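S.K.: Provided herewith is a single structure, encoded as structure tokens, for subsequent inquiry.
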Amino acid sequence: MREIEFTIDPATGQMSSDFHGIVGADCDAVSALLEAEFGTAANVTIKPEDYYRVVNQGRQQVGPGRGPGPRR
Amino acid sequence: MSKYIQYNDVCFKNRDALVAALKQVGLPNVEVGENMNLYGYHGDVRPEVADVIVRRKYIGHLSNDLGFTRTDKGYVPVISDYDRSRFNAKFVTDLQVAYQEHAIQSLATKLRGSIKREVGPGGQIKVKLRY
């Protein structure tokens with residue numbers, strides 16, 4: 001089961017989102033849908049444990065297959 | 001004549017969610033189109049155009065039209081100086097909150113998911129979307 005948990009602060013209008021169980025190509029699909037709804041101002045950070053977080057400003061992506069890889 | 005100002009820092013990407021949000025914050029009569037002229041409180045045509053409009057007759061007899069114009073980022077508000085007292089920061093925040101909830105609903109539909117909504121003790125709205 002994949003889950004996105006949105007938290008909206010009615011006082012400020014700020015929204016943040018936690019993503020659980022979203023892996024692989026699904027990340028890109030969900031990211032594209034988020035951009036369609038909330039615009040390019042979304043900040044998407046993908047963490048190695050299949051989790052990412054969205055806040056309202058800026059954009060950054062990290063996670064499996066996207067980082068510099070293990071040190072040798 | 002009250003000057004119109006376009007607020008590019010507030011952006012609504014999904015037009016249908018924006019229309020639904022406007023209805024939720026008390027503006028149910030919304031006109032949707034492309035590059036429609038805004039009208040001032042005298043009924044005068046203004047050079048500014050918008051794609052989502054709440055006509056002045058639904059706002060107040062001294063008000064000007066409220067518009068949202070389409071940009072690369074999404075729909076941004078175009079508000080006359082006079083109406084800034086009504087369409088102030090609180091209005092924009094309330095509209096953003098309503099928009100976010102409708103946009104989440106739209107996202108849930110696209111993902112064929114279900115939504116569970118809760119309001120926390122601090123007033124924070126938590127929406128869980130499962131799919």
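Just so we're on the same page: first chain in the structure tokens is A, next is B, and so on; residues restart at 1 for each chain, and ligands are numbered from 1 in the order they show up.
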Taking only C-alpha atoms into account, which residues of chain B are within 8 Å of chain A, as a ChimeraX atom specification?
M.R.: /B:11-14,73-74,93-94,96-97,100,103-104,106-107,123-131
S.K.: Please identify all polymer residues within 12 Å of Phe87 of chain B, counting only C-alpha atoms, omitting same-chain residues fewer than 6 positions from it, and present them as a list in words.
M.R.: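 What passes the distance filter is Ile5, Tyr7, Leu22, Val25, Gly26, Leu27, Val54, Ile59, Ser63, Asn64, Asp65, Leu66, Gly67, Pro77, Val78, Ile79, Ser80, Asp81, Thr93, Asp94 and Leu95 of chain B.
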S.K.: Tell me, as an MDAnalysis selection string, which residues lie within 8 Å of Glu34 of chain B, counting only C-alpha atoms; anything in the same chain fewer than 6 positions away does not count.
M.R.: chainID B and resid 50:52
S.K.: Hey, what's within 8 Å of Val49 of chain B if we count only C-alpha atoms and toss same-chain stuff fewer than 4 positions away? As a list in words, please?
M.R.: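 Those residues are Asn35, Met36, Asn37, Leu38, Gly67 and Thr69 of chain B.
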S.K.: Please, which residues of chain B, numbered as in this document, come out strand (DSSP E) from DSSP, as number ranges by chain?
M.R.: B: 4-6, 31-39, 45-54, 66-70, 75-80, 114-119, 125-130
S.K.: What parts of segment 47-128 of chain B does DSSP call helix (DSSP H, G or I)? I'd like the answer as a ChimeraX atom specification.
M.R.: /B:56-58,82-85,89-111
S.K.: Residues as selected, N, CA and C atoms, written as a JSON list (two decimals), in the first residue's frame, can you do that?
M.R.:
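File part-v4.json, as written:
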```
[["chain", "number", "residue", "atom", "x", "y", "z"],
["B", 56, "ARG", "N", -17.68, 41.52, -10.73],
["B", 56, "ARG", "CA", -17.87, 42.47, -9.63],
["B", 56, "ARG", "C", -19.27, 42.40, -9.04],
["B", 57, "LYS", "N", -20.28, 42.04, -9.88],
["B", 57, "LYS", "CA", -21.66, 42.00, -9.36],
["B", 57, "LYS", "C", -21.83, 40.93, -8.29],
["B", 58, "TYR", "N", -20.91, 39.96, -8.26],
["B", 58, "TYR", "CA", -20.97, 38.92, -7.24],
["B", 58, "TYR", "C", -20.06, 39.23, -6.04],
["B", 82, "TYR", "N", -8.32, 48.52, -4.87],
["B", 82, "TYR", "CA", -9.49, 48.77, -4.01],
["B", 82, "TYR", "C", -9.91, 47.50, -3.27],
["B", 83, "ASP", "N", -9.88, 46.38, -3.98],
["B", 83, "ASP", "CA", -10.39, 45.13, -3.40],
["B", 83, "ASP", "C", -9.37, 44.39, -2.55],
["B", 84, "ARG", "N", -8.18, 44.97, -2.39],
["B", 84, "ARG", "CA", -7.17, 44.31, -1.56],
["B", 84, "ARG", "C", -7.62, 44.20, -0.10],
["B", 85, "SER", "N", -8.54, 45.08, 0.32],
["B", 85, "SER", "CA", -9.01, 44.98, 1.71],
["B", 85, "SER", "C", -9.85, 43.73, 1.91],
["B", 89, "ALA", "N", -4.44, 39.03, 2.58],
["B", 89, "ALA", "CA", -3.59, 37.85, 2.82],
["B", 89, "ALA", "C", -4.39, 36.69, 3.39],
["B", 90, "LYS", "N", -5.36, 36.98, 4.26],
["B", 90, "LYS", "CA", -6.16, 35.90, 4.85],
["B", 90, "LYS", "C", -7.01, 35.22, 3.77],
["B", 91, "PHE", "N", -7.60, 36.03, 2.88],
["B", 91, "PHE", "CA", -8.38, 35.46, 1.79],
["B", 91, "PHE", "C", -7.50, 34.54, 0.95],
["B", 92, "VAL", "N", -6.31, 35.01, 0.60],
["B", 92, "VAL", "CA", -5.41, 34.22, -0.24],
["B", 92, "VAL", "C", -5.02, 32.93, 0.47],
["B", 93, "THR", "N", -4.75, 33.02, 1.77],
["B", 93, "THR", "CA", -4.39, 31.82, 2.54],
["B", 93, "THR", "C", -5.55, 30.83, 2.57],
["B", 94, "ASP", "N", -6.76, 31.33, 2.83],
["B", 94, "ASP", "CA", -7.95, 30.46, 2.85],
["B", 94, "ASP", "C", -8.16, 29.81, 1.48],
["B", 95, "LEU", "N", -7.93, 30.59, 0.44],
["B", 95, "LEU", "CA", -8.08, 30.06, -0.92],
["B", 95, "LEU", "C", -7.03, 28.99, -1.20],
["B", 96, "GLN", "N", -5.81, 29.23, -0.74],
["B", 96, "GLN", "CA", -4.73, 28.24, -0.92],
["B", 96, "GLN", "C", -5.08, 26.93, -0.21],
["B", 97, "VAL", "N", -5.58, 27.03, 1.01],
["B", 97, "VAL", "CA", -5.92, 25.84, 1.79],
["B", 97, "VAL", "C", -7.04, 25.06, 1.08],
["B", 98, "ALA", "N", -8.07, 25.79, 0.64],
["B", 98, "ALA", "CA", -9.18, 25.14, -0.07],
["B", 98, "ALA", "C", -8.67, 24.51, -1.37],
["B", 99, "TYR", "N", -7.80, 25.25, -2.07],
["B", 99, "TYR", "CA", -7.24, 24.72, -3.33],
["B", 99, "TYR", "C", -6.46, 23.43, -3.07],
["B", 100, "GLN", "N", -5.63, 23.45, -2.05],
["B", 100, "GLN", "CA", -4.80, 22.27, -1.77],
["B", 100, "GLN", "C", -5.67, 21.04, -1.52],
["B", 101, "GLU", "N", -6.77, 21.22, -0.78],
["B", 101, "GLU", "CA", -7.64, 20.07, -0.50],
["B", 101, "GLU", "C", -8.29, 19.56, -1.79],
["B", 102, "HIS", "N", -8.72, 20.47, -2.65],
["B", 102, "HIS", "CA", -9.33, 20.05, -3.92],
["B", 102, "HIS", "C", -8.28, 19.42, -4.85],
["B", 103, "ALA", "N", -7.07, 19.96, -4.82],
["B", 103, "ALA", "CA", -6.00, 19.40, -5.66],
["B", 103, "ALA", "C", -5.62, 18.00, -5.17],
["B", 104, "ILE", "N", -5.64, 17.80, -3.86],
["B", 104, "ILE", "CA", -5.37, 16.46, -3.32],
["B", 104, "ILE", "C", -6.46, 15.49, -3.77],
["B", 105, "GLN", "N", -7.69, 15.97, -3.75],
["B", 105, "GLN", "CA", -8.82, 15.13, -4.23],
["B", 105, "GLN", "C", -8.62, 14.77, -5.70],
["B", 106, "SER", "N", -8.18, 15.74, -6.48],
["B", 106, "SER", "CA", -7.91, 15.50, -7.90],
["B", 106, "SER", "C", -6.79, 14.48, -8.08],
["B", 107, "LEU", "N", -5.76, 14.62, -7.25],
["B", 107, "LEU", "CA", -4.63, 13.68, -7.29],
["B", 107, "LEU", "C", -5.11, 12.27, -6.93],
["B", 108, "ALA", "N", -5.97, 12.19, -5.92],
["B", 108, "ALA", "CA", -6.50, 10.87, -5.50],
["B", 108, "ALA", "C", -7.29, 10.22, -6.63],
["B", 109, "THR", "N", -8.06, 11.02, -7.33],
["B", 109, "THR", "CA", -8.83, 10.49, -8.46],
["B", 109, "THR", "C", -7.90, 9.94, -9.54],
["B", 110, "LYS", "N", -6.84, 10.71, -9.84],
["B", 110, "LYS", "CA", -5.88, 10.27, -10.87],
["B", 110, "LYS", "C", -5.14, 9.01, -10.45],
["B", 111, "LEU", "N", -4.87, 8.88, -9.15],
["B", 111, "LEU", "CA", -4.16, 7.69, -8.65],
["B", 111, "LEU", "C", -5.11, 6.56, -8.28]]
```
S.K.: At what distance in Å, to one decimal, does atom CA of Pro28 of chain B lie from atom CA of Arg117 of chain B?
M.R.: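 Atom CA of Arg117 of chain B sits 23.6 Å away from atom CA of Pro28 of chain B.
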S.K.: Between atom CA of Asp9 of chain B and atom CA of Glu118 of chain B, what is the spacing in Å?
M.R.: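 Taking atom CA of Glu118 of chain B as the start and atom CA of Asp9 of chain B as the end point, the length is 28.4 Å.
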